[in-house]
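A.B. asks: This is the content of structure_25.txt (compact mmCIF, C-alpha atoms):
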```
# COMPACT_ATOMS: atom_id res chain seq x y z
CA MET Q 98 8.41 24.55 -7.62
CA LEU Q 99 5.04 25.45 -9.03
CA TYR Q 100 3.05 27.89 -6.91
CA GLY Q 101 -0.48 29.29 -6.85
CA LEU Q 102 -1.54 32.42 -4.98
CA PHE Q 103 -5.03 32.76 -3.50
CA ILE Q 104 -6.09 36.29 -2.48
CA GLN Q 105 -9.22 36.98 -0.44
CA ASP Q 106 -9.04 40.59 0.79
CA ALA Q 107 -10.05 43.69 -1.15
CA PRO Q 108 -7.22 45.65 -2.78
CA THR Q 109 -8.29 48.68 -0.77
CA ALA Q 110 -8.56 46.96 2.60
CA SER Q 111 -5.31 45.34 3.60
CA GLU Q 112 -1.77 44.41 2.72
CA ALA Q 113 -2.90 41.26 0.89
CA PHE Q 114 -2.11 42.55 -2.59
CA HIS Q 115 1.20 44.08 -1.46
CA GLY Q 116 2.17 40.79 0.12
CA ALA Q 117 1.14 38.76 -2.89
CA ALA Q 118 3.10 41.05 -5.23
CA ARG Q 119 6.24 40.81 -3.12
CA PHE Q 120 5.86 37.06 -2.73
CA ALA Q 121 5.30 36.48 -6.47
CA SER Q 122 8.28 38.66 -7.32
CA ALA Q 123 10.52 36.78 -4.87
CA LEU Q 124 9.37 33.43 -6.24
CA VAL Q 125 10.20 34.21 -9.86
CA GLN Q 126 13.53 35.75 -8.86
CA ARG Q 127 14.44 32.44 -7.22
CA GLY Q 128 13.46 30.42 -10.27
CA HIS Q 129 10.06 29.20 -9.16
CA LEU Q 130 6.97 29.39 -11.34
CA VAL Q 131 3.62 30.91 -10.44
CA ARG Q 132 0.90 29.03 -12.30
CA GLN Q 133 -2.09 31.17 -11.30
CA ILE Q 134 -3.20 34.04 -9.09
CA PHE Q 135 -6.80 33.55 -8.02
CA LEU Q 136 -8.95 36.34 -6.58
CA TYR Q 137 -11.82 35.25 -4.35
CA GLU Q 138 -14.28 36.98 -2.00
CA ASP Q 139 -13.58 40.75 -1.77
CA ALA Q 140 -10.34 40.42 -3.76
CA VAL Q 141 -12.40 40.34 -6.97
CA LEU Q 142 -12.93 44.08 -6.47
CA ALA Q 143 -9.52 44.37 -8.15
CA ALA Q 144 -11.34 43.89 -11.46
CA ALA Q 145 -14.00 46.50 -10.76
CA GLN Q 146 -14.59 49.52 -12.91
CA ALA Q 147 -15.34 51.73 -9.90
CA LEU Q 148 -12.02 51.39 -8.14
CA PRO Q 149 -9.78 54.23 -7.04
CA SER Q 150 -6.60 54.57 -9.05
CA GLY Q 151 -3.15 54.42 -7.50
CA LEU Q 152 -3.62 51.26 -5.45
CA LYS Q 153 0.03 50.37 -5.10
CA GLY Q 154 -0.46 46.77 -4.04
CA LEU Q 155 -2.77 46.00 -6.95
CA ASP Q 156 -0.54 47.86 -9.41
CA ALA Q 157 2.51 45.97 -8.17
CA LEU Q 158 0.77 42.62 -8.45
CA MET Q 159 -0.46 43.28 -11.98
CA THR Q 160 3.01 44.44 -13.00
CA VAL Q 161 4.58 41.21 -11.75
CA ALA Q 162 1.83 39.12 -13.33
CA GLN Q 163 2.17 40.80 -16.73
CA ALA Q 164 5.97 40.69 -16.69
CA HIS Q 165 5.99 36.93 -16.10
CA GLY Q 166 2.83 35.90 -17.94
CA ILE Q 167 0.98 34.83 -14.80
CA PRO Q 168 -2.78 34.59 -15.33
CA VAL Q 169 -4.89 36.50 -12.79
CA LEU Q 170 -8.39 35.09 -12.42
CA ALA Q 171 -11.30 36.60 -10.49
CA CYS Q 172 -14.04 34.27 -9.24
CA GLN Q 173 -17.16 34.80 -11.35
CA ALA Q 174 -19.51 33.81 -8.52
CA ALA Q 175 -17.94 36.41 -6.21
CA ILE Q 176 -18.15 38.99 -9.00
CA ASP Q 177 -21.85 38.26 -9.41
CA ARG Q 178 -22.48 38.45 -5.66
CA LEU Q 179 -20.82 41.87 -5.46
CA GLY Q 180 -22.43 43.12 -8.68
CA ILE Q 181 -19.13 44.16 -10.18
CA THR Q 182 -18.72 45.62 -13.65
CA PHE Q 183 -15.34 44.72 -15.10
CA ALA Q 184 -13.00 47.65 -15.71
CA ALA Q 185 -12.23 48.33 -19.36
CA GLY Q 186 -8.77 47.18 -20.29
CA THR Q 187 -8.11 45.10 -17.20
CA THR Q 188 -6.00 42.00 -17.77
CA ILE Q 189 -7.82 40.19 -14.98
CA LYS Q 190 -10.02 37.43 -16.38
CA ALA Q 191 -13.22 36.02 -14.95
CA GLY Q 192 -12.68 32.49 -13.73
CA SER Q 193 -14.20 29.88 -11.48
CA LEU Q 194 -13.28 28.06 -8.32
CA GLY Q 195 -13.15 25.03 -10.59
CA GLN Q 196 -10.21 26.52 -12.46
CA TRP Q 197 -8.40 27.07 -9.18
CA PHE Q 198 -9.01 23.55 -7.89
CA ASP Q 199 -8.20 22.08 -11.30
CA ALA Q 200 -4.85 23.90 -11.22
CA LEU Q 201 -4.31 22.59 -7.69
CA HIS Q 202 -3.66 19.13 -9.16
CA GLU Q 203 -0.41 20.51 -10.62
CA LEU Q 204 0.67 22.90 -7.87
CA ASP Q 205 3.38 22.08 -5.38
CA ARG Q 206 2.48 24.90 -3.03
CA VAL Q 207 -0.33 27.38 -2.55
CA GLN Q 208 -0.10 30.58 -0.55
CA GLY Q 209 -3.11 32.49 0.70
CA PHE Q 210 -3.30 36.25 1.29
CA ALA Q 211 -6.18 37.48 3.43
CA MET Y 168 -5.51 14.56 -6.20
CA SER Y 169 -4.43 16.61 -3.21
CA ARG Y 170 -5.54 16.49 0.39
CA VAL Y 171 -7.27 19.85 0.85
CA LEU Y 172 -8.36 21.25 4.20
CA ILE Y 173 -11.00 23.97 4.25
CA LEU Y 174 -10.47 25.80 7.55
CA ILE Y 175 -13.43 27.97 8.49
CA ALA Y 176 -12.81 30.39 11.34
CA SER Y 177 -15.47 33.03 10.81
CA ALA Y 178 -19.00 33.03 12.19
CA PRO Y 179 -21.74 31.81 9.85
CA GLY Y 180 -21.94 34.44 7.13
CA ALA Y 181 -20.56 35.30 3.72
CA ALA Y 182 -16.97 34.17 4.36
CA ALA Y 183 -18.06 30.85 5.85
CA ARG Y 184 -20.38 30.23 2.91
CA ASP Y 185 -17.50 30.99 0.56
CA GLY Y 186 -15.58 28.27 2.39
CA VAL Y 187 -18.39 25.79 1.78
CA ASP Y 188 -18.46 26.76 -1.91
CA ALA Y 189 -14.71 26.18 -2.09
CA ALA Y 190 -15.09 22.79 -0.40
CA LEU Y 191 -17.75 21.70 -2.90
CA ALA Y 192 -15.65 22.90 -5.84
CA ALA Y 193 -12.59 21.04 -4.54
CA ILE Y 194 -14.65 17.85 -4.15
CA ALA Y 195 -16.00 18.26 -7.68
CA TYR Y 196 -12.45 18.46 -9.02
CA GLY Y 197 -11.41 15.22 -7.40
CA HIS Y 198 -9.56 16.38 -4.30
CA GLU Y 199 -9.79 14.72 -0.93
CA VAL Y 200 -11.48 17.43 1.10
CA ALA Y 201 -11.88 17.83 4.84
CA ILE Y 202 -13.48 20.72 6.69
CA LEU Y 203 -12.40 22.08 10.06
CA LEU Y 204 -14.41 24.60 12.07
CA VAL Y 205 -12.61 26.74 14.61
CA GLY Y 206 -13.37 29.98 16.43
CA ASP Y 207 -16.83 31.42 15.86
CA ALA Y 208 -17.43 29.03 12.97
CA VAL Y 209 -18.34 26.33 15.49
CA THR Y 210 -21.63 28.15 16.16
CA ALA Y 211 -22.85 26.65 12.88
CA THR Y 212 -22.97 23.25 14.59
CA ALA Y 213 -25.51 24.24 17.23
CA GLY Y 214 -29.00 22.87 16.81
CA GLY Y 215 -32.29 24.72 16.84
CA GLN Y 216 -31.27 27.55 14.56
CA SER Y 217 -33.50 28.85 11.78
CA PRO Y 218 -31.41 31.35 9.83
CA GLN Y 219 -33.56 30.92 6.74
CA ARG Y 220 -36.41 32.65 8.60
CA HIS Y 221 -34.26 35.77 8.45
CA GLY Y 222 -33.27 35.30 4.83
CA VAL Y 223 -29.85 33.90 5.70
CA PRO Y 224 -28.68 30.60 4.17
CA ASP Y 225 -28.38 27.72 6.63
CA LEU Y 226 -24.67 27.01 6.98
CA SER Y 227 -25.19 23.83 9.01
CA ARG Y 228 -27.19 22.30 6.16
CA ALA Y 229 -24.52 23.36 3.69
CA LEU Y 230 -21.87 21.69 5.84
CA ALA Y 231 -23.92 18.52 6.04
CA ALA Y 232 -24.25 18.65 2.26
CA CYS Y 233 -20.46 18.67 1.95
CA LEU Y 234 -20.33 15.33 3.75
CA HIS Y 235 -23.08 14.03 1.50
CA HIS Y 236 -21.19 15.15 -1.61
CA GLY Y 237 -17.94 13.51 -0.61
CA ALA Y 238 -16.02 15.46 2.01
CA VAL Y 239 -14.00 12.87 3.91
CA ALA Y 240 -14.37 14.57 7.29
CA LEU Y 241 -16.08 17.43 9.07
CA ALA Y 242 -14.51 18.40 12.36
CA ALA Y 243 -14.71 21.15 14.95
CA SER Y 244 -12.41 22.31 17.70
CA ALA Y 245 -13.60 20.75 20.97
CA HIS Y 246 -12.14 23.69 22.88
CA CYS Y 247 -13.98 26.28 20.74
CA LEU Y 248 -17.24 24.37 21.25
CA SER Y 249 -16.67 24.05 24.98
CA VAL Y 250 -15.88 27.71 25.68
CA ARG Y 251 -19.03 28.73 23.80
CA GLY Y 252 -21.17 26.17 25.63
CA ILE Y 253 -22.24 24.56 22.37
CA VAL Y 254 -23.34 20.96 22.20
CA PRO Y 255 -23.17 20.22 18.48
CA SER Y 256 -26.09 18.56 16.77
CA LEU Y 257 -24.57 18.29 13.31
CA ALA Y 258 -24.53 14.67 12.13
CA GLY Y 259 -21.12 13.29 11.28
CA LEU Y 260 -19.19 16.02 13.11
CA GLN Y 261 -15.95 15.00 14.82
CA GLN Y 262 -14.69 16.95 17.82
CA MET Y 263 -10.93 17.40 17.97
CA ASP Y 264 -8.57 18.45 20.71
CA ALA Y 265 -5.72 20.84 19.94
CA GLY Y 266 -3.05 18.18 19.50
CA THR Y 267 -5.12 16.07 17.13
CA MET Y 268 -6.12 19.18 15.20
CA SER Y 269 -2.51 20.27 14.81
CA ASN Y 270 -1.44 16.89 13.42
CA TRP Y 271 -4.48 16.77 11.17
CA ILE Y 272 -3.80 20.21 9.67
CA GLY Y 273 -0.19 19.20 9.04
CA ALA Y 274 -1.31 16.10 7.17
CA HIS Y 275 -2.99 18.15 4.46
CA ALA Y 276 -1.12 19.35 1.39
CA HIS Y 277 -3.12 22.55 1.05
CA VAL Y 278 -5.08 24.58 3.59
CA HIS Y 279 -7.57 27.27 2.57
CA ARG Y 280 -8.76 29.54 5.36
CA PHE Y 281 -12.08 31.39 5.43
```
Could you take the file, read its structure, and then write that structure out as C-alpha cells?

C.D. replies:
Amino acid sequence: MLYGLFIQDAPTASEAFHGAARFASALVQRGHLVRQIFLYEDAVLAAAQALPSGLKGLDALMTVAQAHGIPVLACQAAIDRLGITFAAGTTIKAGSLGQWFDALHELDRVQGFA
Amino acid sequence: MSRVLILIASAPGAAARDGVDAALAAIAYGHEVAILLVGDAVTATAGGQSPQRHGVPDLSRALAACLHHGAVALAASAHCLSVRGIVPSLAGLQQMDAGTMSNWIGAHAHVHRF
C-alpha cells in the first residue's frame, strides 16, 4: 500500500515525530511504500535553523526518510506564519498543501501525527 | 478524487484556520471535501461575533467560504452545540447526532484533524 504521513506537532513538543519515525520504519519493513511526509502547523519547526540539536524523534524520522528516499515537505505557508529560516543543509524541502492534496489522489492510506 | 473529511476540534484560532486552509486546498485539488466541527470548534457557528474587531480572522466566514468554494457539507455535533448552549447561525450548517456522525466519518477515505 502507498502511505502518506501528516505531522502537525512541533518536534520539541510531543511524541509525534517519534511515532511517525517508528510508523514509517514499520511500513517499509513490511513492504509498504511511503510516498510523502508532510509537515504542517508547528511541525514545520523541524526545518528551522534555530532548533536544539539531539531531537531524537526528528533525527529518527530524517534517518528513515533518507534511507528510503521519502520526501519530507514543510508547508511554506506555515513556515511564513512562524517566520522560520531554513536550517543550512536540511533535507526538508518547502512545499505546499497543494502538493499534499495532489499526492492524496495516489495514496491508499494517510496517517496523522499530532 | 478522494472523500476527505476535515475534522476541526479546536476553538477558533490558528489550528482551526489551518483546517480551513487545508479544506480549501483539498477542494482546489479536486477532492470531495466535507467539514465537521466538534468540541470547542462549534463556537465558530454562533452568531453575533466580531473577531475582526480584535484583529482575529473570522472563522465563521471562512467556513461559509468553504461551502461557497465547493465543500459538499459543513456539519457540527448537535451534542457539542447543545452543551455549550449555542444556537448556530451559520448558513448551510447541518447538525448531527453521534450515530450519524460516526457513520459519516467512516464513509470518508481520509480524515484530517485540526

A.B. asks: Could you please tell me, as a VMD selection string, which residues of chain Y have an atom within 12 Å of chain Q when using only C-alpha atoms?

C.D. replies: chain Y and resid 168 to 171 181 to 200 275 to 281

A.B. asks: Hey, what's within 10 Å of Phe114 in chain Q if we count all atoms listed in the file and toss same-chain stuff fewer than 3 positions away? As an MDAnalysis selection string, please?

C.D. replies: chainID Q and resid 104:111 117:120 140 143 152:159 210:211

A.B. asks: Between Q:Pro149, Q:Pro168, Q:Ala113, Q:Thr160, which is the closest to Leu130 in chain Q once you count only C-alpha atoms?

C.D. replies: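 When distances to Leu130 in chain Q are compared using only C-alpha atoms, the smallest one comes from Q:Pro168.
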
A.B. asks: Using CA of Gln219 in chain Y and CA of Ala178 in chain Y as the two end points, give the distance in Å to one decimal.

C.D. replies: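 About the pair CA of Gln219 in chain Y and CA of Ala178 in chain Y: they are 15.7 Å apart.
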
A.B. asks: CA of Ala245 in chain Y to CA of Asp225 in chain Y: how many Å, to one decimal?

C.D. replies: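 Taking CA of Ala245 in chain Y and CA of Asp225 in chain Y, their separation equals 21.7 Å.
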
A.B. asks: What is the distance, in Å and to one decimal place, between CA of Leu99 in chain Q and CA of Ile175 in chain Y?

C.D. replies: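 Atom-to-atom, CA of Leu99 in chain Q to CA of Ile175 in chain Y, that is 25.6 Å.
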
A.B. asks: Which protein, DNA or RNA residues are at most 7 Å from (3.6, 31.0, -8.6) in the file's coordinates when you count only C-alpha atoms, listed as an MDAnalysis selection string?

C.D. replies: chainID Q and resid 99:102 121 124 129:133

A.B. asks: Please identify all polymer residues within 12 Å of range 213-216 of chain Y, counting all atoms listed in the file, omitting same-chain residues fewer than 5 positions from it, and present them as a list in words.

C.D. replies: Pro179, Asp207, Ala208, His221, Val223, Pro224, Asp225, Leu226, Ser227, Arg228, Ala243, Leu248, Ser249, Arg251, Gly252, Ile253, Val254, Pro255, Ser256, Leu257, Ala258 and Leu260 of chain Y

A.B. asks: If I put a ball of radius 9 Å at (-9.4, 22.9, 22.9) in the file's coordinates, which residues poke into it when counting only C-alpha atoms, written as a PyMOL selection string?

C.D. replies: chain Y and resi 244-250+263-266
